[in-house]
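Asks: To be precise about what I am sending: the file is called run.txt and holds compact mmCIF, C-alpha atoms and all ligand atoms.
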```txt
# COMPACT_ATOMS: atom_id res chain seq x y z
CA MET T 5 0.84 17.32 -22.79
CA ARG T 6 4.65 17.19 -22.72
CA THR T 7 6.12 13.69 -22.90
CA LEU T 8 9.51 12.15 -22.11
CA ASP T 9 10.57 12.99 -25.67
CA ALA T 10 10.60 16.68 -24.69
CA LEU T 11 12.60 16.35 -21.48
CA ASP T 12 16.38 16.41 -21.13
CA VAL T 13 17.24 14.02 -18.30
CA ASP T 14 20.85 13.00 -18.93
CA GLY T 15 22.84 13.38 -15.72
CA LYS T 16 19.81 14.88 -13.99
CA ARG T 17 18.02 13.92 -10.80
CA VAL T 18 14.42 13.33 -11.91
CA LEU T 19 11.55 13.34 -9.45
CA VAL T 20 9.08 10.71 -10.72
CA ARG T 21 5.56 10.54 -9.29
CA VAL T 22 4.42 6.94 -9.62
CA ASP T 23 1.25 5.09 -8.62
CA PHE T 24 2.48 2.41 -6.23
CA ASN T 25 -0.77 2.25 -4.27
CA VAL T 26 -0.76 -1.55 -4.15
CA PRO T 27 -2.87 -3.85 -1.98
CA LEU T 28 -0.98 -5.11 1.08
CA ASP T 29 -1.81 -8.01 3.36
CA ASP T 30 0.19 -7.95 6.58
CA GLY T 31 3.01 -6.04 4.87
CA ARG T 32 3.05 -8.40 1.84
CA ILE T 33 2.17 -7.05 -1.62
CA THR T 34 -0.73 -9.13 -2.96
CA ASP T 35 -0.75 -7.58 -6.47
CA ASP T 36 2.27 -5.77 -7.90
CA ALA T 37 0.64 -4.79 -11.24
CA ARG T 38 0.94 -1.08 -10.52
CA ILE T 39 4.65 -1.37 -9.75
CA ARG T 40 5.27 -3.36 -12.93
CA ALA T 41 3.29 -0.83 -14.96
CA ALA T 42 5.74 1.94 -14.03
CA VAL T 43 8.89 -0.03 -14.87
CA PRO T 44 9.12 0.92 -18.60
CA THR T 45 9.18 4.64 -17.77
CA LEU T 46 11.74 4.12 -15.00
CA GLN T 47 13.96 2.00 -17.25
CA GLU T 48 13.74 4.54 -20.07
CA LEU T 49 14.79 7.32 -17.71
CA ARG T 50 17.68 5.24 -16.33
CA SER T 51 18.87 4.35 -19.83
CA LYS T 52 18.85 8.06 -20.72
CA GLY T 53 21.20 8.77 -17.83
CA ALA T 54 18.76 10.00 -15.18
CA ARG T 55 19.02 9.31 -11.47
CA LEU T 56 15.58 8.74 -9.98
CA LEU T 57 13.81 10.14 -6.95
CA LEU T 58 10.47 8.37 -6.70
CA ALA T 59 7.40 9.75 -4.97
CA ALA T 60 4.23 7.75 -4.28
CA HIS T 61 1.38 7.37 -1.85
CA LEU T 62 0.12 4.21 -0.18
CA GLY T 63 -3.35 4.01 1.36
CA ARG T 64 -4.79 6.78 3.47
CA PRO T 65 -2.56 7.18 6.53
CA LYS T 66 -3.35 9.89 9.04
CA GLY T 67 0.17 11.22 9.54
CA ARG T 68 3.32 9.08 9.76
CA ASP T 69 2.39 5.42 10.26
CA GLU T 70 4.75 2.44 9.71
CA ALA T 71 1.81 0.32 8.51
CA PHE T 72 1.71 2.53 5.40
CA SER T 73 5.46 2.54 4.77
CA LEU T 74 6.61 2.13 1.17
CA ARG T 75 9.45 -0.19 2.28
CA PRO T 76 7.87 -3.38 0.81
CA VAL T 77 7.28 -1.49 -2.44
CA ALA T 78 10.90 -0.33 -2.57
CA GLU T 79 12.01 -3.95 -2.10
CA ARG T 80 9.74 -5.23 -4.87
CA LEU T 81 10.80 -2.45 -7.25
CA SER T 82 14.42 -3.23 -6.54
CA GLU T 83 13.81 -6.82 -7.73
CA LEU T 84 11.98 -5.63 -10.85
CA LEU T 85 14.62 -3.04 -11.81
CA GLY T 86 17.59 -5.15 -10.78
CA GLU T 87 18.96 -2.10 -8.98
CA GLU T 88 19.17 -1.03 -5.38
CA VAL T 89 16.23 1.20 -4.39
CA THR T 90 17.00 3.25 -1.28
CA LEU T 91 14.14 4.46 0.90
CA ALA T 92 14.40 8.04 2.17
CA GLU T 93 12.79 8.22 5.59
CA SER T 94 12.66 12.02 5.62
CA LEU T 95 12.54 14.83 3.07
CA ASP T 96 15.26 16.59 5.07
CA ASP T 97 17.70 13.73 4.73
CA VAL T 98 17.48 12.22 1.27
CA PRO T 99 20.35 9.81 0.63
CA ASP T 100 22.37 9.80 -2.56
CA GLY T 101 21.83 6.90 -4.93
CA ASP T 102 20.78 6.11 -8.47
CA VAL T 103 17.25 5.13 -7.42
CA VAL T 104 15.86 6.65 -4.24
CA MET T 105 12.24 6.40 -3.08
CA LEU T 106 10.68 8.98 -0.80
CA GLU T 107 8.55 7.61 2.05
CA ASN T 108 4.75 7.72 1.54
CA VAL T 109 3.96 11.29 0.44
CA ARG T 110 0.76 11.19 2.50
CA PHE T 111 2.88 11.18 5.65
CA GLU T 112 3.27 14.90 4.85
CA PRO T 113 0.20 16.87 5.95
CA GLY T 114 0.55 19.31 3.03
CA GLU T 115 0.41 16.60 0.35
CA THR T 116 -3.34 16.31 -0.09
CA LYS T 117 -3.72 20.10 0.37
CA ASN T 118 -1.55 20.76 -2.70
CA ASP T 119 0.61 22.84 -0.37
CA PRO T 120 3.02 25.11 -2.31
CA ASP T 121 5.67 24.95 0.44
CA LEU T 122 5.73 21.17 0.34
CA ALA T 123 5.90 21.30 -3.46
CA ARG T 124 8.93 23.60 -3.19
CA ARG T 125 10.62 21.10 -0.86
CA TYR T 126 10.02 18.32 -3.40
CA ALA T 127 11.26 20.52 -6.24
CA ALA T 128 14.45 21.43 -4.36
CA LEU T 129 15.42 17.75 -4.43
CA ALA T 130 15.40 17.38 -8.24
CA ASP T 131 16.19 18.95 -11.61
CA ALA T 132 13.12 17.71 -13.49
CA TYR T 133 9.72 16.16 -12.82
CA VAL T 134 7.92 13.27 -14.49
CA ASN T 135 4.37 12.22 -13.62
CA ASP T 136 3.57 8.60 -14.42
CA ALA T 137 0.88 8.20 -11.74
CA PHE T 138 -2.25 8.08 -13.86
CA GLY T 139 -4.21 6.59 -10.95
CA ALA T 140 -3.56 9.77 -8.93
CA ALA T 141 -3.88 12.28 -11.78
CA HIS T 142 -7.44 13.26 -10.87
CA ARG T 143 -6.19 14.70 -7.57
CA ALA T 144 -4.56 18.11 -7.18
CA HIS T 145 -1.94 17.16 -4.60
CA ALA T 146 1.52 18.62 -3.96
CA SER T 147 3.29 15.70 -5.66
CA THR T 148 0.88 15.48 -8.60
CA GLU T 149 0.03 19.12 -9.33
CA ALA T 150 1.88 21.94 -7.54
CA VAL T 151 5.37 20.48 -8.07
CA ALA T 152 4.80 20.12 -11.83
CA HIS T 153 4.83 23.91 -12.16
CA LEU T 154 8.18 24.27 -10.38
CA LEU T 155 10.43 22.07 -12.55
CA PRO T 156 10.76 21.16 -16.23
CA SER T 157 8.06 18.50 -16.35
CA ALA T 158 6.60 15.78 -18.56
CA ALA T 159 4.28 12.79 -18.59
CA GLY T 160 5.75 9.32 -18.21
CA ARG T 161 4.94 6.60 -20.76
CA LEU T 162 2.18 5.00 -18.69
CA LEU T 163 0.32 8.25 -18.11
CA GLU T 164 0.84 9.19 -21.76
CA ARG T 165 -0.67 5.88 -22.95
CA GLU T 166 -3.60 6.01 -20.51
CA VAL T 167 -4.57 9.51 -21.61
CA ALA T 168 -4.12 8.80 -25.33
CA THR T 169 -6.15 5.56 -25.17
CA LEU T 170 -9.03 6.96 -23.15
CA ARG T 171 -9.19 10.20 -25.14
CA GLY T 172 -9.12 8.11 -28.31
CA ILE T 173 -12.30 6.36 -27.21
CA LEU T 174 -14.04 9.70 -26.85
CA ASP T 175 -12.62 11.50 -29.87
CA ASP T 176 -12.16 8.95 -32.61
CA PRO T 177 -13.46 5.47 -31.74
CA GLN T 178 -13.72 2.60 -34.17
CA ARG T 179 -17.45 1.97 -34.47
CA PRO T 180 -19.61 0.57 -33.17
CA LEU T 181 -18.53 1.94 -29.78
CA VAL T 182 -19.97 -0.21 -27.01
CA ALA T 183 -19.86 0.84 -23.35
CA VAL T 184 -20.40 -1.87 -20.76
CA VAL T 185 -21.09 -0.32 -17.39
CA GLY T 186 -21.76 -2.19 -14.17
CA GLY T 187 -20.72 -2.24 -10.54
CA ALA T 188 -22.32 -1.31 -7.30
CA LYS T 189 -23.60 2.24 -7.59
CA VAL T 190 -25.21 4.16 -10.41
CA THR T 191 -24.21 7.46 -8.78
CA ASP T 192 -20.50 6.50 -9.18
CA LYS T 193 -20.98 6.00 -12.89
CA ILE T 194 -23.66 8.49 -13.84
CA GLY T 195 -21.14 10.86 -15.46
CA VAL T 196 -19.76 7.98 -17.51
CA LEU T 197 -23.23 6.88 -18.61
CA GLU T 198 -24.00 10.42 -19.68
CA ALA T 199 -20.72 10.77 -21.57
CA PHE T 200 -21.50 7.55 -23.46
CA LEU T 201 -25.11 8.56 -24.14
CA ALA T 202 -23.62 11.31 -26.27
CA ARG T 203 -21.00 9.13 -28.00
CA ALA T 204 -21.56 5.39 -27.83
CA ASP T 205 -23.64 3.26 -30.19
CA ARG T 206 -24.65 0.88 -27.42
CA ILE T 207 -24.60 1.04 -23.61
CA LEU T 208 -24.98 -2.26 -21.78
CA VAL T 209 -25.80 -1.93 -18.10
CA GLY T 210 -25.27 -4.60 -15.45
CA GLY T 211 -24.40 -5.03 -11.78
CA ALA T 212 -26.30 -3.71 -8.80
CA MET T 213 -26.57 -0.35 -10.54
CA CYS T 214 -29.46 -1.83 -12.56
CA PHE T 215 -31.76 -1.86 -9.59
CA PRO T 216 -32.40 1.89 -9.42
CA PHE T 217 -33.38 1.65 -13.10
CA PHE T 218 -35.75 -1.22 -12.37
CA LYS T 219 -37.20 0.31 -9.22
CA ALA T 220 -37.82 3.61 -11.02
CA ALA T 221 -39.74 1.63 -13.64
CA GLY T 222 -41.94 0.02 -10.99
CA HIS T 223 -40.25 -3.38 -10.63
CA ALA T 224 -39.80 -5.15 -7.32
CA VAL T 225 -36.15 -5.25 -6.25
CA GLY T 226 -36.49 -7.42 -3.12
CA ASP T 227 -33.39 -7.14 -0.93
CA SER T 228 -31.12 -6.20 -3.85
CA LEU T 229 -28.52 -3.51 -3.36
CA CYS T 230 -30.47 -0.51 -4.66
CA GLU T 231 -29.27 3.01 -4.15
CA GLU T 232 -32.15 5.39 -3.41
CA GLU T 233 -30.17 8.43 -4.63
CA GLY T 234 -29.72 6.56 -7.89
CA LEU T 235 -33.42 6.50 -8.82
CA GLU T 236 -33.56 10.00 -10.26
CA PRO T 237 -30.32 9.76 -12.28
CA ALA T 238 -31.41 6.32 -13.52
CA ARG T 239 -34.75 7.69 -14.68
CA ARG T 240 -32.98 10.54 -16.47
CA VAL T 241 -30.45 8.27 -18.21
CA ARG T 242 -33.13 5.83 -19.25
CA GLY T 243 -35.26 8.64 -20.67
CA ALA T 244 -32.33 9.96 -22.70
CA GLY T 245 -30.96 6.54 -23.66
CA GLY T 246 -33.76 5.20 -25.82
CA GLU T 247 -32.70 2.26 -28.00
CA LYS T 248 -29.02 2.72 -27.15
CA LEU T 249 -29.37 1.71 -23.55
CA ARG T 250 -29.83 -1.95 -22.68
CA LEU T 251 -30.72 -3.32 -19.27
CA PRO T 252 -30.78 -6.96 -18.16
CA THR T 253 -33.89 -8.99 -18.97
CA ASP T 254 -33.14 -11.84 -16.57
CA LEU T 255 -31.23 -12.20 -13.31
CA VAL T 256 -29.65 -14.66 -10.90
CA ALA T 257 -30.81 -14.13 -7.33
CA GLY T 258 -29.55 -15.35 -3.97
CA ARG T 259 -30.85 -15.28 -0.42
CA GLU T 260 -27.65 -13.77 0.97
CA PHE T 261 -24.46 -12.13 -0.25
CA SER T 262 -22.57 -15.37 0.21
CA ALA T 263 -21.12 -18.16 -1.92
CA ASP T 264 -23.08 -20.97 -0.25
CA THR T 265 -26.47 -19.29 -0.24
CA GLU T 266 -29.58 -20.68 -1.95
CA THR T 267 -29.87 -19.35 -5.55
CA GLN T 268 -32.47 -19.14 -8.30
CA ALA T 269 -32.56 -17.98 -11.93
CA LEU T 270 -35.22 -15.32 -12.50
CA ASP T 271 -36.81 -15.11 -15.95
CA GLY T 272 -37.43 -11.38 -15.72
CA VAL T 273 -36.22 -8.61 -13.47
CA ASP T 274 -38.72 -8.63 -10.59
CA VAL T 275 -36.87 -9.81 -7.49
CA PRO T 276 -39.10 -11.48 -4.89
CA ASP T 277 -39.06 -10.47 -1.23
CA GLY T 278 -36.35 -12.28 0.72
CA TRP T 279 -34.09 -12.47 -2.37
CA ARG T 280 -31.42 -10.24 -3.85
CA GLY T 281 -30.36 -9.90 -7.48
CA LEU T 282 -26.65 -10.77 -7.56
CA ASP T 283 -25.89 -11.39 -11.24
CA VAL T 284 -27.34 -10.83 -14.69
CA GLY T 285 -29.03 -13.90 -16.16
CA ARG T 286 -27.82 -16.17 -18.94
CA ARG T 287 -29.96 -14.62 -21.70
CA THR T 288 -28.73 -11.13 -20.79
CA ALA T 289 -25.09 -12.19 -20.65
CA ASN T 290 -25.37 -13.98 -24.02
CA GLY T 291 -26.97 -10.93 -25.60
CA TYR T 292 -24.32 -8.59 -24.18
CA ALA T 293 -21.52 -10.92 -25.30
CA GLU T 294 -22.83 -10.87 -28.87
CA VAL T 295 -22.86 -7.06 -29.00
CA ILE T 296 -19.37 -6.93 -27.46
CA ARG T 297 -17.88 -9.42 -29.94
CA ASP T 298 -19.07 -7.29 -32.88
CA ALA T 299 -17.86 -3.98 -31.44
CA GLY T 300 -15.19 -1.78 -33.02
CA THR T 301 -14.38 -0.39 -29.58
CA VAL T 302 -15.40 -1.64 -26.14
CA PHE T 303 -15.06 0.30 -22.92
CA TRP T 304 -15.87 -1.85 -19.90
CA ASN T 305 -16.17 -0.57 -16.36
CA GLY T 306 -17.88 -2.38 -13.53
CA PRO T 307 -18.69 -6.08 -13.03
CA MET T 308 -22.07 -7.51 -14.05
CA GLY T 309 -22.65 -9.08 -10.64
CA ALA T 310 -21.06 -10.14 -7.39
CA PHE T 311 -18.30 -11.93 -9.32
CA GLU T 312 -16.29 -12.53 -6.12
CA LEU T 313 -18.87 -15.20 -5.24
CA ALA T 314 -18.72 -18.25 -7.54
CA PRO T 315 -22.52 -18.67 -8.00
CA PHE T 316 -22.78 -15.06 -9.21
CA ALA T 317 -19.67 -14.80 -11.42
CA ALA T 318 -21.07 -16.19 -14.70
CA GLY T 319 -22.41 -12.91 -16.10
CA THR T 320 -19.15 -11.07 -15.49
CA ARG T 321 -17.19 -14.03 -16.86
CA MET T 322 -19.19 -14.11 -20.11
CA VAL T 323 -18.73 -10.39 -20.59
CA ALA T 324 -15.01 -10.66 -19.80
CA GLU T 325 -14.60 -13.53 -22.29
CA ALA T 326 -16.43 -11.58 -24.99
CA VAL T 327 -14.23 -8.56 -24.37
CA ALA T 328 -11.15 -10.79 -24.61
CA GLU T 329 -12.42 -12.35 -27.89
CA SER T 330 -13.44 -9.09 -29.52
CA ASP T 331 -11.29 -7.99 -32.49
CA GLY T 332 -11.99 -4.37 -31.66
CA VAL T 333 -10.09 -2.01 -29.40
CA THR T 334 -10.89 -3.12 -25.84
CA VAL T 335 -10.31 -0.94 -22.81
CA VAL T 336 -11.09 -1.94 -19.25
CA GLY T 337 -11.15 0.50 -16.33
CA GLY T 338 -11.96 0.11 -12.64
CA GLY T 339 -10.26 -1.79 -9.86
CA ASP T 340 -12.89 -4.52 -9.51
CA SER T 341 -13.26 -4.99 -13.26
CA ALA T 342 -9.50 -5.43 -13.51
CA ALA T 343 -9.64 -7.91 -10.61
CA ALA T 344 -12.39 -9.83 -12.42
CA LEU T 345 -10.32 -10.02 -15.62
CA ALA T 346 -7.36 -11.26 -13.60
CA GLN T 347 -9.54 -13.82 -11.80
CA PHE T 348 -10.57 -15.24 -15.19
CA GLY T 349 -6.98 -15.20 -16.49
CA LEU T 350 -7.82 -12.70 -19.24
CA ALA T 351 -5.90 -9.62 -18.12
CA ASP T 352 -3.43 -9.86 -21.02
CA GLN T 353 -6.14 -10.27 -23.66
CA VAL T 354 -7.42 -6.71 -23.77
CA THR T 355 -5.94 -3.78 -25.65
CA HIS T 356 -5.61 -1.64 -22.55
CA LEU T 357 -6.19 -2.34 -18.88
CA SER T 358 -6.33 1.03 -17.18
CA THR T 359 -4.40 1.39 -13.92
CA GLY T 360 -6.60 4.28 -12.82
CA GLY T 361 -10.10 3.71 -11.46
CA GLY T 362 -11.33 7.19 -10.55
CA ALA T 363 -8.97 8.88 -13.00
CA SER T 364 -10.19 6.83 -15.97
CA LEU T 365 -13.82 7.54 -15.12
CA GLU T 366 -13.20 11.28 -14.76
CA LEU T 367 -11.34 11.39 -18.06
CA ILE T 368 -14.21 9.60 -19.82
CA GLU T 369 -16.63 12.03 -18.20
CA GLY T 370 -14.69 14.78 -19.95
CA LYS T 371 -13.37 16.30 -16.72
CA ALA T 372 -9.94 17.93 -16.67
CA LEU T 373 -7.44 15.94 -14.59
CA PRO T 374 -5.26 18.34 -12.53
CA GLY T 375 -2.19 16.11 -12.79
CA VAL T 376 -2.53 16.04 -16.59
CA GLU T 377 -3.38 19.73 -17.02
CA ALA T 378 -0.25 20.65 -15.06
CA LEU T 379 1.87 19.02 -17.78
CA ALA T 380 0.31 21.03 -20.61
P1 LIG T 401 -15.07 -1.06 -10.49
O1 LIG T 401 -14.11 -1.10 -9.32
O2 LIG T 401 -14.66 -1.99 -11.59
O3 LIG T 401 -15.33 0.34 -10.96
P2 LIG T 401 -17.37 -1.08 -8.74
O4 LIG T 401 -16.48 -0.75 -7.58
O5 LIG T 401 -18.28 -0.03 -9.23
O6 LIG T 401 -16.47 -1.63 -9.96
O7 LIG T 401 -18.29 -2.34 -8.38
C1 LIG T 401 -17.76 -3.58 -8.01
C2 LIG T 401 -18.55 -4.22 -6.92
O8 LIG T 401 -19.90 -4.28 -7.25
C3 LIG T 401 -18.09 -5.63 -6.69
O9 LIG T 401 -17.58 -5.74 -5.39
C4 LIG T 401 -19.37 -6.47 -6.86
O10 LIG T 401 -19.49 -7.47 -5.89
C5 LIG T 401 -20.43 -5.44 -6.68
N1 LIG T 401 -21.68 -5.85 -7.34
C6 LIG T 401 -21.92 -5.95 -8.65
N2 LIG T 401 -23.16 -6.37 -8.88
C7 LIG T 401 -23.74 -6.55 -7.67
C8 LIG T 401 -25.03 -6.96 -7.22
N3 LIG T 401 -25.98 -7.30 -8.10
N4 LIG T 401 -25.27 -6.99 -5.90
C9 LIG T 401 -24.30 -6.66 -5.02
N5 LIG T 401 -23.07 -6.26 -5.37
C10 LIG T 401 -22.79 -6.21 -6.69
MG MG T 402 -14.43 -0.69 -7.21
```
Show me the file's structure as structure tokens.
Replies:
Amino acid sequence: MRTLDALDVDGKRVLVRVDFNVPLDDGRITDDARIRAAVPTLQELRSKGARLLLAAHLGRPKGRDEAFSLRPVAERLSELLGEEVTLAESLDDVPDGDVVMLENVRFEPGETKNDPDLARRYAALADAYVNDAFGAAHRAHASTEAVAHLLPSAAGRLLEREVATLRGILDDPQRPLVAVVGGAKVTDKIGVLEAFLARADRILVGGAMCFPFFKAAGHAVGDSLCEEEGLEPARRVRGAGGEKLRLPTDLVAGREFSADTETQALDGVDVPDGWRGLDVGRRTANGYAEVIRDAGTVFWNGPMGAFELAPFAAGTRMVAEAVAESDGVTVVGGGDSAAALAQFGLADQVTHLSTGGGASLELIEGKALPGVEALA
């Protein structure tokens, strides 16, 4: 992968694909982490004499739609860079300026089709291309893939670090390598579980994705979130996992998915009718925390329970605290896992907090990321 070290940008107009897909509430940015994460690359390019043309997507608009305008992002970036960021409403009328941001690339119908004509229109606006949008690198879109072949191109610092860190976990981890995998659906994470079956020393499973494992083994799951399509993959992973794979041995259950519902601690993993398993139990969380603290490398993706609800946050909190305390290399991926870390005030206590949910999982699964391959 080419990096910024291999790209001559002095006096050039550089098209930079960034991941500015931030959460908005009524036009207000509620978390600007993704914007801040791109700033080092943008500052490096500016200090090397480049003028910037930024390209990014926001949400999933169907055609041009003001509600998905990048204007609030341009304003926030302008504050962070201390420079004027001009928004270009149209590809046909891009203003001059040291830092210009194109409007949401998904306003263009060809963007998600990786349309070569659209890529040529992007390329005509710049002298070089930098991709720093790790969170979009698993998609072959015109601004992430096709355009990279049309200009001298390189990875930005964020994308470079994401790829190096995640590949490092697969290729040369400090041992023991511990994977902590949770979240809602086992089918989302099956590729990751399989990748770690081949490489990790321990795999700790939590979250609702446990229930297909339990159901396949004949346990009652009550009203727990339990994906039917997950039963077969869960059975397969459990068969292959042997001693490496650990599942919860106790749970916290609630009547409803709600913070003020009745709760009970279950000593075991059978969930009675009328109840749903919403967190791992105390014994499980303690056991997982101990393994995590002694790890050489930890990769964590997916919360241990419904951490958004206070009565069901303890398991995720204990895991998050153990990850933060571990002396090993600690890498956290996934939007909700990152939100959980932030909720507990621990986001700055891990080695690497990945900005890419889907992209980090696909990289761990060993899949080629089109946006990365295009920079080879
Ligand atoms: P990430 O974004 O970190 O990859 P996921 O999207 O896979 O994580 O899963 C996060 C979601 O899973 C959270 O919204 C959480 O509430 C939910 N979840 C975790 N455990 C349970 C459970 N036992 N029952 C219901 N929902 C759960
Ligand atoms: Mg999620």
Asks: Kindly extract all protein, DNA and RNA residues lying within 10 Å of the coordinates (-1.3, 20.4, -1.5) given in the file, considering all atoms listed in the file, and supply them as an MDAnalysis selection string.
Replies: chainID T and resid 112:123 143:151
Asks: Taking all atoms listed in the file into account, list the residues no farther than 10 Å from ligand LIG 401 (chain T), as number ranges by chain.
Replies: T: 185-193, 210-215, 227-230, 255-258, 260-261, 280-284, 304-313, 316-317, 319-320, 336-345, 360-362, 364-365
Asks: Just the number, please: distance in Å from atom CA of T:Ala220 to atom CA of T:Glu369, one decimal.
Replies: 23.9 Å
Asks: Go ahead and compute the interatomic distance for atom CA of T:Ala42 and atom CA of T:Ala326, in Å to one decimal.
Replies: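 Result for atom CA of T:Ala42 versus atom CA of T:Ala326: 28.2 Å, one decimal.
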Asks: Which neighbours of T:Asp100 fall inside 10 Å, counting all atoms listed in the file, when residues of the same chain fewer than 4 positions from it are skipped, and could you give them as a PyMOL selection string?
Replies: chain T and resi 55+57+90+92+104
Asks: At what distance in Å, to one decimal, does atom CA of T:Pro65 lie from atom CA of T:Thr34?
Replies: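 Distance reported for this atom pair: 19.0 Å.
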Asks: Kindly write C-alpha atoms of stretch 162-223 of chain T from the structure just given to a file, as a compact mmCIF listing (two decimals), in the first residue's frame.
Replies:
```
# COMPACT_ATOMS: atom_id res chain seq x y z
CA LEU T 162 -5.55 7.03 9.49
CA LEU T 163 -6.16 4.35 6.89
CA GLU T 164 -2.49 3.37 7.04
CA ARG T 165 -2.65 2.94 10.84
CA GLU T 166 -5.96 1.05 10.78
CA VAL T 167 -4.67 -1.46 8.23
CA ALA T 168 -1.28 -1.90 9.92
CA THR T 169 -2.84 -2.42 13.37
CA LEU T 170 -5.51 -4.86 12.28
CA ARG T 171 -3.16 -6.82 10.01
CA GLY T 172 -0.67 -6.92 12.89
CA ILE T 173 -3.24 -8.71 15.02
CA LEU T 174 -3.60 -11.39 12.38
CA ASP T 175 0.02 -11.73 11.30
CA ASP T 176 2.18 -11.18 14.35
CA PRO T 177 0.21 -10.74 17.59
CA GLN T 178 1.76 -10.63 21.03
CA ARG T 179 0.45 -13.75 22.75
CA PRO T 180 -1.83 -14.72 24.21
CA LEU T 181 -4.20 -13.29 21.59
CA VAL T 182 -7.67 -12.91 23.08
CA ALA T 183 -10.72 -12.12 20.94
CA VAL T 184 -13.79 -10.80 22.73
CA VAL T 185 -16.79 -10.98 20.46
CA GLY T 186 -20.32 -9.90 21.32
CA GLY T 187 -23.20 -7.89 19.94
CA ALA T 188 -26.55 -8.68 18.52
CA LYS T 189 -26.11 -11.22 15.76
CA VAL T 190 -23.82 -14.20 15.36
CA THR T 191 -24.27 -14.08 11.57
CA ASP T 192 -22.64 -10.59 11.52
CA LYS T 193 -19.58 -11.92 13.28
CA ILE T 194 -19.29 -15.50 12.08
CA GLY T 195 -16.40 -14.66 9.73
CA VAL T 196 -14.57 -12.98 12.60
CA LEU T 197 -15.14 -15.94 14.92
CA GLU T 198 -13.79 -18.27 12.26
CA ALA T 199 -10.74 -16.08 11.62
CA PHE T 200 -9.97 -16.12 15.36
CA LEU T 201 -10.57 -19.87 15.67
CA ALA T 202 -7.53 -20.23 13.43
CA ARG T 203 -5.38 -17.62 15.21
CA ALA T 204 -6.47 -16.66 18.71
CA ASP T 205 -5.57 -18.39 21.96
CA ARG T 206 -8.91 -17.54 23.53
CA ILE T 207 -12.29 -16.43 22.18
CA LEU T 208 -14.72 -14.98 24.70
CA VAL T 209 -18.30 -14.72 23.46
CA GLY T 210 -21.00 -12.46 24.90
CA GLY T 211 -24.04 -10.44 23.89
CA ALA T 212 -27.21 -11.71 22.28
CA MET T 213 -25.10 -13.73 19.87
CA CYS T 214 -24.69 -16.32 22.66
CA PHE T 215 -28.27 -17.44 22.40
CA PRO T 216 -27.95 -19.35 19.12
CA PHE T 217 -25.06 -21.22 20.78
CA PHE T 218 -27.19 -22.00 23.82
CA LYS T 219 -30.30 -22.91 21.85
CA ALA T 220 -28.28 -25.23 19.60
CA ALA T 221 -27.05 -26.96 22.76
CA GLY T 222 -30.60 -27.49 24.00
CA HIS T 223 -30.92 -24.62 26.50
```
